[in-house]
Amino acid sequence: MLLTARDVAKTFTSADGPVAVLRGIDLDLGARESLALTGESGSGKSTLLHMIGGLDAPDSGSILINGADIAGMDDRARARMRRETVGVIFQQFNLIPSLNVADNISFQARLGGRHDASWESALITRMGLAEQVRKYPEQLSGGQQQRVAIARTLAARPALVLADEPTGNLDEDTAQTVLDLMLELVAEAGAGLLMVTHSIRLAERMDRQVHLRAGHIA
């Protein structure tokens, strides 16, 4: 099993006192499998995704990726896991403004010592970015920026791809096109995919769906 989460819990402190966001979550994802994580705003979707990606730590429970418990790692070990094993695609793209498209795409792969020029070239072509490689993020449309963000994540060939509302800033037609490309390329990379989405239509494209409600899997 690529991803195994068991009894994962997380509570945040608010002005009104503690708020239990996740209340004992169990989740599994196999290699080459795609899973949609759905739920209302505030149900804990992004919180869970961020903990699986090592961007936050649970209060209790375990999160195993390829058998390694990321929940018990220190910051340095979690950063290494993100470089070597886990790739995250954010809704806000998070491209580096001072780098052009080609350098944005290669950035994470170079950081993790996984630069593969032929794979990056294939990603650029398949994502329809061949004419944009010397442009900077501010010169791109939203759809083009998201394609760059997806290509940047896949360039490092992560075993697990986490996508947080990856098409949330795109119109429906563009979202479908981008999702088609992402699913195709994730499969070619041999990765597992966990995608947070509010769109039932997009969720139905995944192999499985899990719904969060009030911190529990419904």
# chains A, B, ... in the order shown; residues from 1 in each chain; ligands from 1
>>> residues_around(residues="range 189-193 of chain A", least_positions_apart="5", cutoff="12 Å", atoms="only C-alpha atoms", output="ChimeraX atom specification")
/A:1-3,28-37,49,52,65-66,85-89,119-120,122-123,151,153-164,166,179,182-184,203,205-209
>>> write_last_selection(atoms="N, CA and C atoms", output="compact mmCIF listing (two decimals), in the first residue's frame")
# COMPACT_ATOMS: atom_id res chain seq x y z
N MET A 1 0.84 -1.19 0.00
CA MET A 1 0.00 0.00 0.00
C MET A 1 0.89 1.26 0.00
N LEU A 2 0.65 2.16 -0.92
CA LEU A 2 1.45 3.37 -1.01
C LEU A 2 1.21 4.29 0.18
N LEU A 3 -0.05 4.52 0.53
CA LEU A 3 -0.42 5.41 1.63
C LEU A 3 -1.36 4.70 2.59
N ASP A 28 -6.60 4.66 2.89
CA ASP A 28 -5.62 3.86 2.16
C ASP A 28 -5.61 4.26 0.69
N LEU A 29 -4.43 4.21 0.09
CA LEU A 29 -4.29 4.48 -1.34
C LEU A 29 -3.19 3.60 -1.90
N GLY A 30 -3.51 2.87 -2.94
CA GLY A 30 -2.53 2.01 -3.57
C GLY A 30 -1.72 2.73 -4.64
N ALA A 31 -0.59 2.18 -4.99
CA ALA A 31 0.22 2.71 -6.09
C ALA A 31 -0.60 2.66 -7.37
N ARG A 32 -0.49 3.69 -8.18
CA ARG A 32 -1.20 3.81 -9.46
C ARG A 32 -2.71 3.95 -9.29
N GLU A 33 -3.18 4.22 -8.08
CA GLU A 33 -4.60 4.40 -7.82
C GLU A 33 -4.90 5.89 -7.65
N SER A 34 -6.10 6.31 -8.05
CA SER A 34 -6.52 7.70 -7.86
C SER A 34 -7.71 7.74 -6.92
N LEU A 35 -7.69 8.72 -6.01
CA LEU A 35 -8.72 8.84 -4.99
C LEU A 35 -9.13 10.29 -4.84
N ALA A 36 -10.44 10.55 -4.89
CA ALA A 36 -10.96 11.90 -4.67
C ALA A 36 -11.39 12.04 -3.23
N LEU A 37 -10.98 13.15 -2.60
CA LEU A 37 -11.38 13.48 -1.24
C LEU A 37 -12.33 14.66 -1.32
N LEU A 49 -4.85 16.58 3.69
CA LEU A 49 -3.91 16.55 2.58
C LEU A 49 -2.57 17.14 2.99
N ILE A 52 -0.65 14.67 5.12
CA ILE A 52 -0.09 13.59 4.31
C ILE A 52 1.14 14.09 3.55
N ILE A 65 3.80 6.38 4.33
CA ILE A 65 3.99 6.49 2.89
C ILE A 65 5.13 5.55 2.52
N ASN A 66 4.81 4.55 1.73
CA ASN A 66 5.78 3.49 1.42
C ASN A 66 6.37 2.90 2.71
N THR A 85 9.61 11.73 -2.57
CA THR A 85 8.51 10.77 -2.67
C THR A 85 7.16 11.41 -2.96
N VAL A 86 6.90 12.59 -2.39
CA VAL A 86 5.58 13.22 -2.46
C VAL A 86 5.64 14.51 -3.26
N GLY A 87 4.70 14.69 -4.17
CA GLY A 87 4.57 15.94 -4.91
C GLY A 87 3.22 16.58 -4.62
N VAL A 88 3.21 17.90 -4.41
CA VAL A 88 1.98 18.60 -4.06
C VAL A 88 1.64 19.63 -5.13
N ILE A 89 0.39 19.59 -5.61
CA ILE A 89 -0.11 20.58 -6.57
C ILE A 89 -1.13 21.44 -5.83
N TRP A 119 12.27 13.61 -19.81
CA TRP A 119 10.95 13.55 -19.19
C TRP A 119 10.35 14.96 -19.10
N GLU A 120 11.17 15.94 -18.73
CA GLU A 120 10.68 17.32 -18.65
C GLU A 120 10.26 17.82 -20.03
N ALA A 122 9.14 15.99 -22.46
CA ALA A 122 7.88 15.33 -22.78
C ALA A 122 6.71 16.00 -22.05
N LEU A 123 6.92 16.37 -20.78
CA LEU A 123 5.87 17.05 -20.01
C LEU A 123 5.51 18.39 -20.63
N ALA A 151 3.16 20.10 -14.26
CA ALA A 151 4.39 19.59 -14.87
C ALA A 151 5.55 19.66 -13.88
N THR A 153 5.44 19.41 -10.62
CA THR A 153 5.31 18.33 -9.65
C THR A 153 5.68 16.99 -10.26
N LEU A 154 5.19 16.72 -11.47
CA LEU A 154 5.44 15.42 -12.10
C LEU A 154 6.87 15.26 -12.59
N ALA A 155 7.58 16.38 -12.80
CA ALA A 155 8.95 16.30 -13.30
C ALA A 155 9.85 15.50 -12.37
N ALA A 156 9.57 15.55 -11.08
CA ALA A 156 10.39 14.82 -10.11
C ALA A 156 9.97 13.37 -9.94
N ARG A 157 8.96 12.93 -10.70
CA ARG A 157 8.44 11.57 -10.65
C ARG A 157 8.13 11.12 -9.22
N PRO A 158 7.27 11.83 -8.50
CA PRO A 158 6.93 11.40 -7.14
C PRO A 158 6.10 10.12 -7.16
N ALA A 159 6.23 9.35 -6.09
CA ALA A 159 5.41 8.14 -5.96
C ALA A 159 3.97 8.49 -5.63
N LEU A 160 3.79 9.61 -4.92
CA LEU A 160 2.47 10.05 -4.49
C LEU A 160 2.26 11.50 -4.87
N VAL A 161 1.18 11.78 -5.61
CA VAL A 161 0.83 13.14 -6.00
C VAL A 161 -0.39 13.56 -5.19
N LEU A 162 -0.27 14.71 -4.51
CA LEU A 162 -1.36 15.29 -3.75
C LEU A 162 -1.80 16.56 -4.46
N ALA A 163 -3.09 16.67 -4.76
CA ALA A 163 -3.60 17.82 -5.50
C ALA A 163 -4.73 18.47 -4.71
N ASP A 164 -4.53 19.72 -4.31
CA ASP A 164 -5.52 20.44 -3.49
C ASP A 164 -6.32 21.38 -4.38
N PRO A 166 -6.94 21.33 -7.61
CA PRO A 166 -5.99 21.74 -8.64
C PRO A 166 -6.61 22.51 -9.80
N LEU A 179 -7.46 18.35 -16.12
CA LEU A 179 -7.58 17.10 -15.37
C LEU A 179 -7.26 15.90 -16.26
N MET A 182 -3.57 15.71 -16.49
CA MET A 182 -2.97 15.32 -15.21
C MET A 182 -3.14 13.83 -14.96
N LEU A 183 -4.34 13.29 -15.18
CA LEU A 183 -4.58 11.87 -14.96
C LEU A 183 -3.72 11.01 -15.89
N GLU A 184 -3.62 11.45 -17.12
CA GLU A 184 -2.83 10.71 -18.10
C GLU A 184 -1.36 10.66 -17.70
N ALA A 203 -14.60 14.47 -9.27
CA ALA A 203 -14.39 13.36 -8.35
C ALA A 203 -14.75 12.03 -9.02
N ARG A 205 -14.19 11.10 -11.86
CA ARG A 205 -13.13 10.64 -12.76
C ARG A 205 -12.07 9.80 -12.03
N MET A 206 -12.07 9.83 -10.71
CA MET A 206 -11.09 9.08 -9.94
C MET A 206 -11.52 7.62 -9.78
N ASP A 207 -10.59 6.76 -9.40
CA ASP A 207 -10.91 5.35 -9.18
C ASP A 207 -11.86 5.18 -8.00
N ARG A 208 -11.64 5.98 -6.95
CA ARG A 208 -12.49 5.89 -5.75
C ARG A 208 -12.77 7.29 -5.21
N GLN A 209 -13.79 7.39 -4.38
CA GLN A 209 -14.12 8.66 -3.72
C GLN A 209 -14.30 8.42 -2.23
>>> residues_around(residues="range 72-75 of chain A", least_positions_apart="5", cutoff="9 Å", atoms="only C-alpha atoms", output="count of residues only")
6
>>> residues_around(residues="Pro97 in chain A", least_positions_apart="4", cutoff="8 Å", atoms="only C-alpha atoms", output="PyMOL selection string")
chain A and resi 136-138
>>> write_last_selection(atoms="N, CA and C atoms", output="PDB file, in the first residue's frame")
ATOM      1  N   TYR A 136       7.398  34.110 -18.376  1.00  0.00           N
ATOM      2  CA  TYR A 136       7.346  34.107 -16.917  1.00  0.00           C
ATOM      3  C   TYR A 136       5.889  33.962 -16.460  1.00  0.00           C
ATOM      4  N   PRO A 137       5.669  33.501 -15.218  1.00  0.00           N
ATOM      5  CA  PRO A 137       4.300  33.233 -14.764  1.00  0.00           C
ATOM      6  C   PRO A 137       3.305  34.355 -15.032  1.00  0.00           C
ATOM      7  N   GLU A 138       3.728  35.608 -14.852  1.00  0.00           N
ATOM      8  CA  GLU A 138       2.791  36.724 -15.032  1.00  0.00           C
ATOM      9  C   GLU A 138       2.330  36.881 -16.477  1.00  0.00           C
TER      10      GLU A 138
END
>>> atom_distance(atom1="CA of His115 in chain A", atom2="CA of Arg152 in chain A")
10.8 Å
>>> select_by_dssp(residues="range 3-218 of chain A", states="helix (DSSP H, G or I)", output="VMD selection string")
chain A and resid 45 to 52 70 to 72 75 to 84 101 to 111 117 to 126 137 to 139 142 to 155 172 to 189 200 to 203
>>> write_last_selection(atoms="C-alpha atoms", output="compact mmCIF listing (two decimals), in the first residue's frame")
# COMPACT_ATOMS: atom_id res chain seq x y z
CA LYS A 45 -10.00 17.95 3.44
CA SER A 46 -7.07 20.33 3.00
CA THR A 47 -5.88 19.75 6.58
CA LEU A 48 -5.64 16.02 5.92
CA LEU A 49 -3.91 16.55 2.58
CA HIS A 50 -1.35 18.89 4.14
CA MET A 51 -0.55 16.37 6.86
CA ILE A 52 -0.09 13.59 4.31
CA ILE A 70 5.67 10.77 8.07
CA ALA A 71 3.72 11.80 11.18
CA GLY A 72 6.69 10.85 13.36
CA ASP A 75 10.94 18.87 9.73
CA ARG A 76 14.11 17.87 7.88
CA ALA A 77 12.92 14.32 7.26
CA ARG A 78 9.51 15.52 6.08
CA ALA A 79 11.19 17.96 3.68
CA ARG A 80 13.28 15.10 2.29
CA MET A 81 10.11 13.01 1.86
CA ARG A 82 8.53 15.85 -0.14
CA ARG A 83 11.61 16.12 -2.35
CA GLU A 84 11.93 12.40 -2.99
CA VAL A 101 8.34 28.23 -17.41
CA ALA A 102 11.22 25.85 -18.17
CA ASP A 103 13.04 26.68 -14.94
CA ASN A 104 9.85 26.50 -12.86
CA ILE A 105 9.18 23.02 -14.21
CA SER A 106 12.70 21.77 -13.49
CA PHE A 107 13.01 23.45 -10.07
CA GLN A 108 11.71 20.66 -7.80
CA ALA A 109 13.33 17.88 -9.81
CA ARG A 110 16.73 19.60 -9.57
CA LEU A 111 16.22 20.23 -5.86
CA ALA A 117 15.68 16.47 -19.35
CA SER A 118 13.84 14.03 -21.65
CA TRP A 119 10.95 13.55 -19.19
CA GLU A 120 10.68 17.32 -18.65
CA SER A 121 10.67 17.88 -22.41
CA ALA A 122 7.88 15.33 -22.78
CA LEU A 123 5.87 17.05 -20.01
CA ILE A 124 6.30 20.44 -21.67
CA THR A 125 5.08 19.07 -25.00
CA ARG A 126 2.16 17.12 -23.56
CA PRO A 137 4.30 33.23 -14.76
CA GLU A 138 2.79 36.72 -15.03
CA GLN A 139 2.67 36.32 -18.82
CA GLY A 142 -4.53 30.70 -15.31
CA GLY A 143 -4.85 27.47 -17.25
CA GLN A 144 -1.26 27.71 -18.47
CA GLN A 145 0.01 28.41 -14.95
CA GLN A 146 -1.78 25.34 -13.63
CA ARG A 147 -0.26 23.22 -16.39
CA VAL A 148 3.18 24.48 -15.35
CA ALA A 149 2.43 23.66 -11.70
CA ILE A 150 1.36 20.11 -12.63
CA ALA A 151 4.39 19.59 -14.87
CA ARG A 152 6.70 20.89 -12.09
CA THR A 153 5.31 18.33 -9.65
CA LEU A 154 5.44 15.42 -12.10
CA ALA A 155 8.95 16.30 -13.30
CA GLU A 172 -15.18 24.08 -16.21
CA ASP A 173 -14.01 23.33 -19.75
CA THR A 174 -10.39 24.24 -18.97
CA ALA A 175 -10.61 22.25 -15.72
CA GLN A 176 -11.67 19.14 -17.63
CA THR A 177 -8.82 19.52 -20.13
CA VAL A 178 -6.23 20.05 -17.39
CA LEU A 179 -7.58 17.10 -15.37
CA ASP A 180 -7.43 14.83 -18.44
CA LEU A 181 -3.76 15.71 -18.90
CA MET A 182 -2.97 15.32 -15.21
CA LEU A 183 -4.58 11.87 -14.96
CA GLU A 184 -2.83 10.71 -18.10
CA LEU A 185 0.60 11.89 -16.97
CA VAL A 186 0.20 10.70 -13.37
CA ALA A 187 -0.56 7.23 -14.77
CA GLU A 188 2.49 7.38 -17.02
CA ALA A 189 4.65 8.37 -14.05
CA ILE A 200 -18.60 15.87 -8.05
CA ARG A 201 -17.98 15.78 -11.79
CA LEU A 202 -14.20 15.75 -11.31
CA ALA A 203 -14.39 13.36 -8.35
>>> atom_distance(atom1="CA of Asp59 in chain A", atom2="CA of Arg213 in chain A")
18.9 Å
>>> closest_residue(among="A:Leu22, A:Ser14, A:Pro58, A:Asn169", to="Ala214 in chain A", atoms="only C-alpha atoms")
A:Leu22
>>> atom_distance(atom1="CA of Gly112 in chain A", atom2="CA of Leu99 in chain A")
17.6 Å
>>> select_by_dssp(residues="range 8-98 of chain A", states="strand (DSSP E)", output="NGL selection string")
:A and (8-14 or 17-29 or 34-39 or 60-65 or 68-69 or 86-89)
>>> closest_residue(among="A:Gly113, A:Ile25, A:His198, A:Asn100", to="Glu131 in chain A", atoms="only C-alpha atoms")
A:Asn100
>>> closest_residue(among="A:Thr197, A:Gly42, A:Val210, A:Phe90", to="Val19 in chain A", atoms="only C-alpha atoms")
A:Gly42
>>> closest_residue(among="A:Gly61, A:Gly67, A:Gly39, A:Gly44", to="Gly24 in chain A", atoms="only C-alpha atoms")
A:Gly61
